[in-house]
Amino acid sequence: MFNQIRAEFYKLFHTKALYLTFALILAVFGIFSIGGQQQFVASSSSLDETWKIGETVGFLARAYSDTAHPLIEEIIRTATSYTVFFWLIVLIFSVIFFSREYTDSTIKIAIASGQSRIKFFVAKYIVISITSIFLYFSFIMIAFIIECAKFNIPIQLFPMLKIAGLNCMIMGAFIGITLMLCVIFKHTAIVVGAMSLFTFSGPLIYMMTWDNMSTQSWRVLTYLKINPMYYWMNTCSYNMINNSNFP
């Protein structure tokens with residue numbers, strides 16, 4: 001297995017998928033750096049139409065209650081706000097890197113040579129997950145440090161690492177679902193289309209139902225709770241920390 005993982009990393013560094021991913025991340029980080037207050041698929045139950053911690057779900061950048069002295073929770077919310085775009089970058093990277101084995105027919109050669117199909121897929125998952133999580137973790141931590149430095153706020157790593165860890169776990173599940181669809185359909189366009197539709201639909205439904213989840217049918221609740229955006233919308237808005245459970 002270790003040799004297979006090494007071989008997959010070798011392939012990774014000799015494909016365009018990694019460099020395309022770097023380019024996309026740099027472009028998104030550039031937008032984040034120059035952007036002001038932004039809200040992406042966000043909803044709030046605050047009566048005064050503010051984006052209070054614990055009363056908001058979604059992705060919010062620089063929605064500070066006090067623009068001179070923001071709360072550390074609001075800075076964490078800002079640092080993780082571009083998760084709303086990052087999942088799409090991870091989706092493209094995962095599908096391109098994984099599907100190349102089918103388009104180049106290298107998977108047939110590997111299986112014909114006696115290589116275990118399960119080990120082959122597990123090695124792919126490990127390499128894609130490690131790379132994606134490392135890039136995502138670096139992105140949000142750099143954003144967090146920059147925002148803290150901008151307002152001269154002490155860097156509190158523990159709460160940030162807590163959110164980062166949860167988001168990375170969700171990303172691992174997201175990658176697993178993506179690769180499972182790659183194995184089933186073996187077609188890039190179908191997988192990207194299906195995962196995009198599935199992921200986009202989550203926040204649209206959640207924004208309409210999150211403040212009265214107890215009245216929703218089991219079908220709606222089940223669909224939301226298998227959708228990664230349901231969890232990202234809570235962690236990235238720092239909502240689940242204050243409520244200890246998801247709404």
# chains A, B, ... in the order shown; residues from 1 in each chain; ligands from 1

$ residues_around --residues "Ala68 (chain A)" --least-positions-apart "2" --cutoff "8 Å" --atoms "only C-alpha atoms" --output "ChimeraX atom specification"
/A:66,70,151

$ residues_around --residues "region 78-85 of chain A" --least-positions-apart "6" --cutoff "6 Å" --atoms "only C-alpha atoms" --output "PyMOL selection string"
chain A and resi 59-62+140+143-144+236

$ residues_around --residues "Ile163 (chain A)" --least-positions-apart "4" --cutoff "7 Å" --atoms "only C-alpha atoms" --output "short mmCIF file (atom, residue, chain, number, x, y, z; two decimals) with N, CA, C and O atoms, in the first residue's frame"
data_model
loop_
_atom_site.label_atom_id
_atom_site.label_comp_id
_atom_site.auth_asym_id
_atom_site.auth_seq_id
_atom_site.Cartn_x
_atom_site.Cartn_y
_atom_site.Cartn_z
N PRO A 159 -9.55 27.49 18.92
CA PRO A 159 -10.88 27.52 18.29
C PRO A 159 -10.82 27.43 16.77
O PRO A 159 -11.69 26.82 16.14
N ASN A 167 -14.05 20.92 9.41
CA ASN A 167 -14.23 21.16 7.97
C ASN A 167 -13.43 20.17 7.13
O ASN A 167 -13.88 19.74 6.06
N THR A 235 -20.49 25.07 10.58
CA THR A 235 -19.14 25.27 11.11
C THR A 235 -18.56 26.60 10.64
O THR A 235 -17.94 27.33 11.43
#

$ residues_around --residues "Tyr206 (chain A)" --least-positions-apart "5" --cutoff "12 Å" --atoms "only C-alpha atoms" --output "PyMOL selection string"
chain A and resi 41-44+56-58+199-201+211-213+216+220-225+227-234+246-247

$ decode --residues "region 180-196 of chain A" --atoms "all heavy atoms" --output "PDB file, in the first residue's frame"
ATOM      1  N   MET A 180     -16.588   7.734  -5.248  1.00  0.00           N
ATOM      2  CA  MET A 180     -17.535   6.630  -5.405  1.00  0.00           C
ATOM      3  C   MET A 180     -18.345   6.800  -6.695  1.00  0.00           C
ATOM      4  O   MET A 180     -18.557   5.846  -7.445  1.00  0.00           O
ATOM      5  CB  MET A 180     -18.474   6.557  -4.204  1.00  0.00           C
ATOM      6  CG  MET A 180     -19.484   5.423  -4.265  1.00  0.00           C
ATOM      7  SD  MET A 180     -20.616   5.432  -2.856  1.00  0.00           S
ATOM      8  CE  MET A 180     -21.551   6.936  -3.179  1.00  0.00           C
ATOM      9  N   LEU A 181     -18.764   8.041  -6.971  1.00  0.00           N
ATOM     10  CA  LEU A 181     -19.493   8.316  -8.210  1.00  0.00           C
ATOM     11  C   LEU A 181     -18.594   8.143  -9.429  1.00  0.00           C
ATOM     12  O   LEU A 181     -19.058   7.707 -10.492  1.00  0.00           O
ATOM     13  CB  LEU A 181     -20.076   9.725  -8.179  1.00  0.00           C
ATOM     14  CG  LEU A 181     -21.189   9.986  -7.166  1.00  0.00           C
ATOM     15  CD1 LEU A 181     -21.695  11.420  -7.281  1.00  0.00           C
ATOM     16  CD2 LEU A 181     -22.348   9.014  -7.366  1.00  0.00           C
ATOM     17  N   CYS A 182     -17.313   8.474  -9.283  1.00  0.00           N
ATOM     18  CA  CYS A 182     -16.363   8.264 -10.389  1.00  0.00           C
ATOM     19  C   CYS A 182     -16.263   6.784 -10.747  1.00  0.00           C
ATOM     20  O   CYS A 182     -16.207   6.410 -11.927  1.00  0.00           O
ATOM     21  CB  CYS A 182     -14.980   8.800 -10.016  1.00  0.00           C
ATOM     22  SG  CYS A 182     -14.833  10.595 -10.022  1.00  0.00           S
ATOM     23  N   VAL A 183     -16.235   5.939  -9.727  1.00  0.00           N
ATOM     24  CA  VAL A 183     -16.153   4.488  -9.950  1.00  0.00           C
ATOM     25  C   VAL A 183     -17.435   3.970 -10.603  1.00  0.00           C
ATOM     26  O   VAL A 183     -17.401   3.123 -11.499  1.00  0.00           O
ATOM     27  CB  VAL A 183     -15.896   3.757  -8.614  1.00  0.00           C
ATOM     28  CG1 VAL A 183     -16.004   2.242  -8.802  1.00  0.00           C
ATOM     29  CG2 VAL A 183     -14.532   4.130  -8.061  1.00  0.00           C
ATOM     30  N   ILE A 184     -18.586   4.497 -10.168  1.00  0.00           N
ATOM     31  CA  ILE A 184     -19.870   4.025 -10.678  1.00  0.00           C
ATOM     32  C   ILE A 184     -20.106   4.468 -12.123  1.00  0.00           C
ATOM     33  O   ILE A 184     -20.461   3.661 -12.990  1.00  0.00           O
ATOM     34  CB  ILE A 184     -21.025   4.519  -9.780  1.00  0.00           C
ATOM     35  CG1 ILE A 184     -20.920   3.882  -8.393  1.00  0.00           C
ATOM     36  CG2 ILE A 184     -22.385   4.186 -10.412  1.00  0.00           C
ATOM     37  CD1 ILE A 184     -21.881   4.452  -7.372  1.00  0.00           C
ATOM     38  N   PHE A 185     -19.903   5.756 -12.396  1.00  0.00           N
ATOM     39  CA  PHE A 185     -20.274   6.308 -13.702  1.00  0.00           C
ATOM     40  C   PHE A 185     -19.119   6.380 -14.701  1.00  0.00           C
ATOM     41  O   PHE A 185     -19.354   6.341 -15.916  1.00  0.00           O
ATOM     42  CB  PHE A 185     -20.865   7.714 -13.538  1.00  0.00           C
ATOM     43  CG  PHE A 185     -22.159   7.729 -12.778  1.00  0.00           C
ATOM     44  CD1 PHE A 185     -22.226   8.240 -11.492  1.00  0.00           C
ATOM     45  CD2 PHE A 185     -23.316   7.211 -13.345  1.00  0.00           C
ATOM     46  CE1 PHE A 185     -23.420   8.246 -10.790  1.00  0.00           C
ATOM     47  CE2 PHE A 185     -24.513   7.212 -12.655  1.00  0.00           C
ATOM     48  CZ  PHE A 185     -24.568   7.731 -11.364  1.00  0.00           C
ATOM     49  N   LYS A 186     -17.881   6.526 -14.197  1.00  0.00           N
ATOM     50  CA  LYS A 186     -16.701   6.579 -15.072  1.00  0.00           C
ATOM     51  C   LYS A 186     -16.816   7.666 -16.139  1.00  0.00           C
ATOM     52  O   LYS A 186     -16.330   7.516 -17.260  1.00  0.00           O
ATOM     53  CB  LYS A 186     -16.464   5.222 -15.744  1.00  0.00           C
ATOM     54  CG  LYS A 186     -16.289   4.065 -14.785  1.00  0.00           C
ATOM     55  CD  LYS A 186     -16.047   2.768 -15.525  1.00  0.00           C
ATOM     56  CE  LYS A 186     -15.866   1.608 -14.561  1.00  0.00           C
ATOM     57  NZ  LYS A 186     -17.073   1.305 -13.803  1.00  0.00           N
ATOM     58  N   HIS A 187     -17.493   8.753 -15.805  1.00  0.00           N
ATOM     59  CA  HIS A 187     -17.685   9.847 -16.768  1.00  0.00           C
ATOM     60  C   HIS A 187     -17.560  11.173 -16.023  1.00  0.00           C
ATOM     61  O   HIS A 187     -18.342  11.468 -15.111  1.00  0.00           O
ATOM     62  CB  HIS A 187     -19.053   9.721 -17.435  1.00  0.00           C
ATOM     63  CG  HIS A 187     -19.198  10.571 -18.656  1.00  0.00           C
ATOM     64  ND1 HIS A 187     -19.307  11.943 -18.602  1.00  0.00           N
ATOM     65  CD2 HIS A 187     -19.237  10.235 -19.980  1.00  0.00           C
ATOM     66  CE1 HIS A 187     -19.429  12.417 -19.822  1.00  0.00           C
ATOM     67  NE2 HIS A 187     -19.377  11.407 -20.674  1.00  0.00           N
ATOM     68  N   THR A 188     -16.594  11.982 -16.420  1.00  0.00           N
ATOM     69  CA  THR A 188     -16.285  13.223 -15.704  1.00  0.00           C
ATOM     70  C   THR A 188     -17.473  14.168 -15.627  1.00  0.00           C
ATOM     71  O   THR A 188     -17.810  14.695 -14.559  1.00  0.00           O
ATOM     72  CB  THR A 188     -15.104  13.942 -16.384  1.00  0.00           C
ATOM     73  OG1 THR A 188     -13.984  13.059 -16.421  1.00  0.00           O
ATOM     74  CG2 THR A 188     -14.735  15.213 -15.639  1.00  0.00           C
ATOM     75  N   ALA A 189     -18.133  14.398 -16.755  1.00  0.00           N
ATOM     76  CA  ALA A 189     -19.233  15.368 -16.803  1.00  0.00           C
ATOM     77  C   ALA A 189     -20.387  14.949 -15.905  1.00  0.00           C
ATOM     78  O   ALA A 189     -20.996  15.786 -15.224  1.00  0.00           O
ATOM     79  CB  ALA A 189     -19.710  15.536 -18.239  1.00  0.00           C
ATOM     80  N   ILE A 190     -20.701  13.659 -15.895  1.00  0.00           N
ATOM     81  CA  ILE A 190     -21.812  13.165 -15.064  1.00  0.00           C
ATOM     82  C   ILE A 190     -21.496  13.364 -13.583  1.00  0.00           C
ATOM     83  O   ILE A 190     -22.340  13.827 -12.809  1.00  0.00           O
ATOM     84  CB  ILE A 190     -22.093  11.676 -15.366  1.00  0.00           C
ATOM     85  CG1 ILE A 190     -22.652  11.513 -16.784  1.00  0.00           C
ATOM     86  CG2 ILE A 190     -23.074  11.100 -14.342  1.00  0.00           C
ATOM     87  CD1 ILE A 190     -22.860  10.075 -17.201  1.00  0.00           C
ATOM     88  N   VAL A 191     -20.272  13.031 -13.186  1.00  0.00           N
ATOM     89  CA  VAL A 191     -19.888  13.144 -11.781  1.00  0.00           C
ATOM     90  C   VAL A 191     -19.882  14.602 -11.336  1.00  0.00           C
ATOM     91  O   VAL A 191     -20.446  14.945 -10.281  1.00  0.00           O
ATOM     92  CB  VAL A 191     -18.506  12.506 -11.541  1.00  0.00           C
ATOM     93  CG1 VAL A 191     -18.066  12.735 -10.087  1.00  0.00           C
ATOM     94  CG2 VAL A 191     -18.546  11.020 -11.854  1.00  0.00           C
ATOM     95  N   VAL A 192     -19.264  15.480 -12.121  1.00  0.00           N
ATOM     96  CA  VAL A 192     -19.214  16.904 -11.769  1.00  0.00           C
ATOM     97  C   VAL A 192     -20.622  17.486 -11.715  1.00  0.00           C
ATOM     98  O   VAL A 192     -20.973  18.233 -10.793  1.00  0.00           O
ATOM     99  CB  VAL A 192     -18.343  17.691 -12.771  1.00  0.00           C
ATOM    100  CG1 VAL A 192     -18.450  19.191 -12.523  1.00  0.00           C
ATOM    101  CG2 VAL A 192     -16.884  17.252 -12.667  1.00  0.00           C
ATOM    102  N   GLY A 193     -21.457  17.131 -12.693  1.00  0.00           N
ATOM    103  CA  GLY A 193     -22.828  17.636 -12.720  1.00  0.00           C
ATOM    104  C   GLY A 193     -23.642  17.158 -11.541  1.00  0.00           C
ATOM    105  O   GLY A 193     -24.342  17.953 -10.884  1.00  0.00           O
ATOM    106  N   ALA A 194     -23.552  15.868 -11.232  1.00  0.00           N
ATOM    107  CA  ALA A 194     -24.324  15.290 -10.128  1.00  0.00           C
ATOM    108  C   ALA A 194     -23.880  15.860  -8.783  1.00  0.00           C
ATOM    109  O   ALA A 194     -24.710  16.234  -7.948  1.00  0.00           O
ATOM    110  CB  ALA A 194     -24.172  13.770 -10.130  1.00  0.00           C
ATOM    111  N   MET A 195     -22.568  15.953  -8.566  1.00  0.00           N
ATOM    112  CA  MET A 195     -22.064  16.478  -7.298  1.00  0.00           C
ATOM    113  C   MET A 195     -22.353  17.969  -7.146  1.00  0.00           C
ATOM    114  O   MET A 195     -22.646  18.443  -6.040  1.00  0.00           O
ATOM    115  CB  MET A 195     -20.561  16.223  -7.184  1.00  0.00           C
ATOM    116  CG  MET A 195     -20.211  14.779  -6.839  1.00  0.00           C
ATOM    117  SD  MET A 195     -20.948  14.184  -5.297  1.00  0.00           S
ATOM    118  CE  MET A 195     -20.125  15.223  -4.083  1.00  0.00           C
ATOM    119  N   SER A 196     -22.288  18.706  -8.242  1.00  0.00           N
ATOM    120  CA  SER A 196     -22.593  20.143  -8.180  1.00  0.00           C
ATOM    121  C   SER A 196     -24.056  20.367  -7.830  1.00  0.00           C
ATOM    122  O   SER A 196     -24.387  21.201  -6.974  1.00  0.00           O
ATOM    123  CB  SER A 196     -22.266  20.816  -9.515  1.00  0.00           C
ATOM    124  OG  SER A 196     -20.887  20.733  -9.796  1.00  0.00           O
TER     125      SER A 196
END
